[in-house]
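See below for target-v8.txt, which holds compact mmCIF, C-alpha atoms.
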# COMPACT_ATOMS: atom_id res chain seq x y z
CA MET A 18 -24.98 42.08 24.30
CA GLU A 19 -25.98 39.82 27.18
CA LEU A 20 -24.30 36.47 27.81
CA VAL A 21 -26.43 34.01 29.82
CA PHE A 22 -25.38 30.74 31.43
CA GLN A 23 -27.85 29.20 33.90
CA GLU A 24 -28.41 31.89 36.57
CA GLN A 25 -25.43 34.00 35.52
CA GLN A 26 -25.75 37.00 33.24
CA ILE A 27 -22.89 39.07 31.86
CA LYS A 28 -23.55 42.30 30.01
CA PHE A 29 -21.06 43.69 27.50
CA ASN A 30 -21.43 47.47 27.21
CA LYS A 31 -19.81 47.53 23.78
CA THR A 32 -19.60 44.82 21.13
CA PRO A 33 -16.89 42.37 22.25
CA PHE A 34 -14.49 40.45 20.02
CA SER A 35 -15.35 36.78 19.43
CA ASP A 36 -12.25 35.56 21.30
CA GLU A 37 -13.31 37.67 24.29
CA VAL A 38 -16.76 36.02 24.24
CA ILE A 39 -15.22 32.53 23.94
CA GLU A 40 -12.83 33.27 26.81
CA THR A 41 -15.77 34.44 28.95
CA ILE A 42 -17.75 31.29 28.08
CA ASN A 43 -14.79 29.08 29.03
CA GLY A 44 -14.48 30.96 32.32
CA LEU A 45 -18.17 30.39 33.09
CA LEU A 46 -18.02 26.67 32.30
CA ASP A 47 -14.77 25.99 34.21
CA GLU A 48 -14.12 22.27 34.73
CA LYS A 49 -17.65 21.28 35.76
CA TYR A 50 -19.28 21.61 32.35
CA TYR A 51 -18.79 20.68 28.72
CA PHE A 52 -19.89 23.22 26.14
CA SER A 53 -22.70 21.90 23.93
CA HIS A 54 -23.92 24.86 21.84
CA PHE A 55 -25.29 28.33 22.16
CA ILE A 56 -28.54 30.05 21.32
CA ALA A 57 -28.12 33.44 19.66
CA ASP A 58 -31.35 35.44 19.85
CA GLY A 59 -33.40 32.25 19.63
CA THR A 60 -31.28 30.50 16.95
CA GLU A 61 -29.48 27.32 18.07
CA ILE A 62 -25.90 27.12 16.78
CA TYR A 63 -24.24 23.70 17.05
CA GLU A 64 -21.07 24.16 14.97
CA ASP A 65 -18.58 26.72 13.69
CA HIS A 66 -19.22 28.82 16.79
CA GLU A 67 -16.30 31.18 16.37
CA ALA A 68 -17.11 31.81 12.70
CA TYR A 69 -20.74 32.49 13.60
CA LEU A 70 -19.66 34.98 16.27
CA ASN A 71 -17.22 36.71 13.89
CA ILE A 72 -20.03 37.33 11.38
CA ASN A 73 -22.94 38.09 13.73
CA LEU A 74 -21.53 39.42 17.00
CA ASP A 75 -22.50 43.05 16.38
CA ARG A 76 -26.17 42.01 15.92
CA ILE A 77 -26.56 39.50 18.77
CA GLU A 78 -28.51 40.81 21.76
CA LYS A 79 -28.71 37.64 23.87
CA LEU A 80 -26.30 34.69 23.73
CA GLU A 81 -27.43 31.75 25.84
CA ILE A 82 -24.83 29.08 26.63
CA ILE A 83 -25.96 25.45 26.74
CA ALA A 84 -23.61 23.07 28.53
CA LYS A 85 -23.68 19.60 30.02
CA THR A 86 -22.26 18.12 33.18
CA GLU A 87 -19.56 15.51 32.69
CA LYS A 88 -22.09 12.76 33.44
CA GLU A 89 -24.53 14.12 30.82
CA PHE A 90 -21.71 14.61 28.31
CA LEU A 91 -20.44 11.04 28.83
CA ASN A 92 -23.97 9.63 28.51
CA ASP A 93 -24.52 11.46 25.21
CA LEU A 94 -21.12 10.30 23.98
CA LEU A 95 -21.92 6.67 24.80
CA LEU A 96 -25.35 6.91 23.12
CA SER A 97 -23.80 8.49 20.00
CA ALA A 98 -21.10 5.81 19.86
CA GLU A 99 -23.63 3.00 20.24
CA ASP A 100 -25.76 4.50 17.48
CA TYR A 101 -22.73 4.97 15.20
CA LEU A 102 -21.54 1.38 15.70
CA GLU A 103 -25.02 -0.01 15.07
CA ARG A 104 -25.26 1.91 11.78
CA ALA A 105 -21.65 1.21 10.75
CA LYS A 106 -21.71 -2.59 10.96
CA PRO A 107 -23.86 -3.15 7.83
CA GLU A 108 -21.69 -0.59 6.01
CA LEU A 109 -18.58 -2.56 6.99
CA ALA A 110 -20.10 -5.76 5.57
CA ALA A 111 -20.88 -3.96 2.29
CA LEU A 112 -17.32 -2.61 2.16
CA VAL A 113 -15.92 -6.12 2.56
CA ASP A 114 -17.91 -7.25 -0.49
CA GLY A 115 -16.77 -4.15 -2.38
CA PHE A 116 -13.08 -4.77 -1.75
CA TYR A 117 -13.30 -8.52 -2.43
CA SER A 118 -14.88 -7.87 -5.82
CA ASN A 119 -13.91 -4.83 -7.87
CA PRO A 120 -13.96 -1.65 -5.70
CA THR A 121 -15.99 1.14 -7.28
CA ALA A 122 -15.85 4.89 -6.66
CA GLU A 123 -18.72 4.39 -4.19
CA THR A 124 -16.66 1.76 -2.33
CA HIS A 125 -13.82 4.26 -1.95
CA THR A 126 -16.20 7.01 -0.84
CA ASN A 127 -17.71 4.72 1.80
CA PHE A 128 -14.22 3.68 2.86
CA GLY A 129 -13.33 7.36 3.36
CA GLN A 130 -16.38 7.75 5.60
CA LEU A 131 -15.29 4.67 7.54
CA MET A 132 -11.87 6.23 8.11
CA ASP A 133 -13.60 9.40 9.42
CA GLY A 134 -15.56 7.16 11.77
CA PHE A 135 -12.35 5.55 13.01
CA GLN A 136 -10.89 8.97 13.71
CA TRP A 137 -14.01 9.94 15.68
CA LEU A 138 -13.84 6.69 17.69
CA ASP A 139 -10.13 7.23 18.30
CA GLU A 140 -10.87 10.68 19.76
CA MET A 141 -13.98 9.56 21.65
CA LEU A 142 -12.71 6.42 23.41
CA PRO A 143 -10.00 8.24 25.44
CA LEU A 144 -12.67 10.70 26.63
CA ILE A 145 -14.54 7.75 28.17
CA VAL A 146 -11.35 6.30 29.66
CA ASN A 147 -10.23 9.63 31.19
CA SER A 148 -13.65 10.77 32.40
CA LYS A 149 -14.25 11.28 36.13
CA GLU A 150 -17.58 9.55 35.43
CA ARG A 151 -15.89 6.57 33.75
CA PRO A 152 -18.09 3.48 33.79
CA PRO A 153 -17.03 0.43 35.86
CA ASN A 154 -16.04 -1.43 32.66
CA GLY A 155 -13.82 1.49 31.59
CA GLU A 156 -10.62 -0.57 31.53
CA MET A 157 -11.97 -2.56 28.59
CA TYR A 158 -11.94 0.60 26.45
CA ILE A 159 -8.17 0.96 26.88
CA GLU A 160 -7.47 -2.47 25.40
CA LEU A 161 -9.96 -2.00 22.55
CA THR A 162 -8.53 1.43 21.71
CA GLN A 163 -5.05 -0.10 21.32
CA THR A 164 -6.39 -2.97 19.22
CA LEU A 165 -8.35 -0.56 17.02
CA ARG A 166 -5.26 1.64 16.47
CA THR A 167 -3.17 -1.40 15.53
CA GLU A 168 -5.74 -2.56 12.98
CA ILE A 169 -6.13 0.94 11.51
CA ALA A 170 -2.34 1.07 11.00
CA GLN A 171 -2.49 -2.33 9.22
CA LEU A 172 -5.42 -1.09 7.15
CA GLU A 173 -3.52 2.05 6.10
CA GLU A 174 -0.58 -0.13 5.03
CA ALA A 175 -2.91 -2.34 2.95
CA VAL A 176 -4.35 0.80 1.31
CA GLU A 177 -0.84 2.10 0.48
CA ASN A 178 -0.08 -1.25 -1.15
CA SER A 179 -3.46 -1.24 -2.98
CA ASP A 180 -4.11 -4.72 -1.57
CA ASN A 181 -7.89 -4.89 -1.88
CA VAL A 182 -8.17 -8.47 -0.58
CA LEU A 183 -6.16 -7.61 2.54
CA ILE A 184 -8.31 -4.48 3.08
CA GLY A 185 -11.41 -6.71 2.90
CA ASP A 186 -9.83 -9.26 5.27
CA ILE A 187 -8.89 -6.63 7.87
CA ILE A 188 -12.37 -5.12 7.79
CA GLN A 189 -14.12 -8.50 8.02
CA TYR A 190 -11.89 -10.40 10.44
CA GLU A 191 -10.43 -7.63 12.61
CA LEU A 192 -12.51 -4.45 12.52
CA LEU A 193 -16.01 -5.93 12.43
CA PRO A 194 -15.36 -8.00 15.61
CA ILE A 195 -13.89 -4.88 17.30
CA PHE A 196 -17.02 -2.91 16.39
CA GLU A 197 -19.21 -5.70 17.80
CA GLN A 198 -17.17 -5.83 21.03
CA LEU A 199 -17.29 -2.05 21.37
CA GLU A 200 -21.03 -2.00 20.83
CA THR A 201 -21.50 -4.61 23.58
CA ILE A 202 -19.21 -2.81 26.03
CA ILE A 203 -20.79 0.58 25.33
CA GLY A 204 -24.26 -0.93 25.77
CA GLU A 205 -23.13 -2.35 29.15
CA SER A 206 -21.72 1.05 30.14
CA ILE A 207 -25.00 2.79 29.31
CA ASP A 208 -26.92 0.18 31.32
CA MET A 209 -24.56 0.67 34.30
CA VAL A 210 -24.18 4.44 34.46
CA GLY A 211 -26.18 6.00 31.66
CA THR A 212 -29.69 6.81 30.61
CA ARG A 213 -31.45 5.79 27.45
CA TYR A 214 -33.90 8.43 26.31
CA ASP A 215 -37.39 7.09 25.71
CA LEU A 216 -38.44 8.15 22.24
CA ASN A 217 -42.09 7.12 22.71
Hey, can you dump this file as structure tokens for me?
Amino acid sequence: MELVFQEQQIKFNKTPFSDEVIETINGLLDEKYYFSHFIADGTEIYEDHEAYLNINLDRIEKLEIIAKTEKEFLNDLLLSAEDYLERAKPELAALVDGFYSNPTAETHTNFGQLMDGFQWLDEMLPLIVNSKERPPNGEMYIELTQTLRTEIAQLEEAVENSDNVLIGDIIQYELLPIFEQLETIIGESIDMVGTRYDLN
């Protein structure tokens, strides 16, 4: 098998173990790059990399590593966050209505997706704050991260107490404004240090 990253090529004489391949990839990327995905004999693999390697390693002839610089990684992160927030705001408004009236199974399913979104934001925001490519308005993310965590804790307490009105209130009066602020700040960050891809 041949492992390719940019101009570098590493040949394995015998079929390696998946952890050996992952260790080699990490060594190639060092601290300058963030792993994005790999291309195994022409097939792009974006998730469950280790599982894919465990199943297919003995058949792969060429494994091409795709990585991003920190600047590219941060830009993609900001664009993804902006897109998520834009799509989430109408969902938040619908959730508010759902909790103020009689929450259905769909309301609870959508609420579960919202909680997944919070977890993603909670993991993503520190990456922006700690990045070497942090945008000039990076300090604002620290404050918003703390505010978001506080409101999520309040929300979890309201859920434990099955207080549907309080859940609706927190979403409408606390979380929706945080989402709007975040969207504005992220938009400013992209305009300052990022690139918007032209889809035309």
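If you look at atom CA of Glu197 of chain A and atom CA of Glu177 of chain A, they are 26.4 Å away from each other.
With atom CA of Ala111 of chain A on one side and atom CA of Glu205 of chain A on the other, the separation reads 27.0 Å.
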Enclose the full set of atoms of segment 105-122 of chain A listed in the file within a box whose edges lie along x, y and z, apply 8 Å of padding to each of the six sides, and report centre and edge lengths in Å to one decimal as JSON.
{"center_x": -18.5, "center_y": -1.8, "center_z": 1.5, "size_x": 26.8, "size_y": 29.4, "size_z": 34.8}
_Need the shell around Ile83 of chain A: protein/DNA/RNA residues with any atom at most 7 Å away, counting only C-alpha atoms. Skip same-chain ones fewer than 2 positions apart. Format as an NGL selection string?_
:A and (52-55 or 81)
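Reported to one decimal place, the separation of atom CA of Phe90 of chain A from atom CA of Ala57 of chain A is 21.7 Å.
Among the candidate residues A:Leu95, A:Leu199, A:Leu109, A:Leu20, the one lying nearest to Ile82 of chain A is A:Leu20, with distances computed using only C-alpha atoms.
Proximity of A:Asn119, A:Thr212, A:Thr86, A:Ser206 to Glu156 of chain A, computed with all atoms listed in the file, is greatest for A:Ser206.
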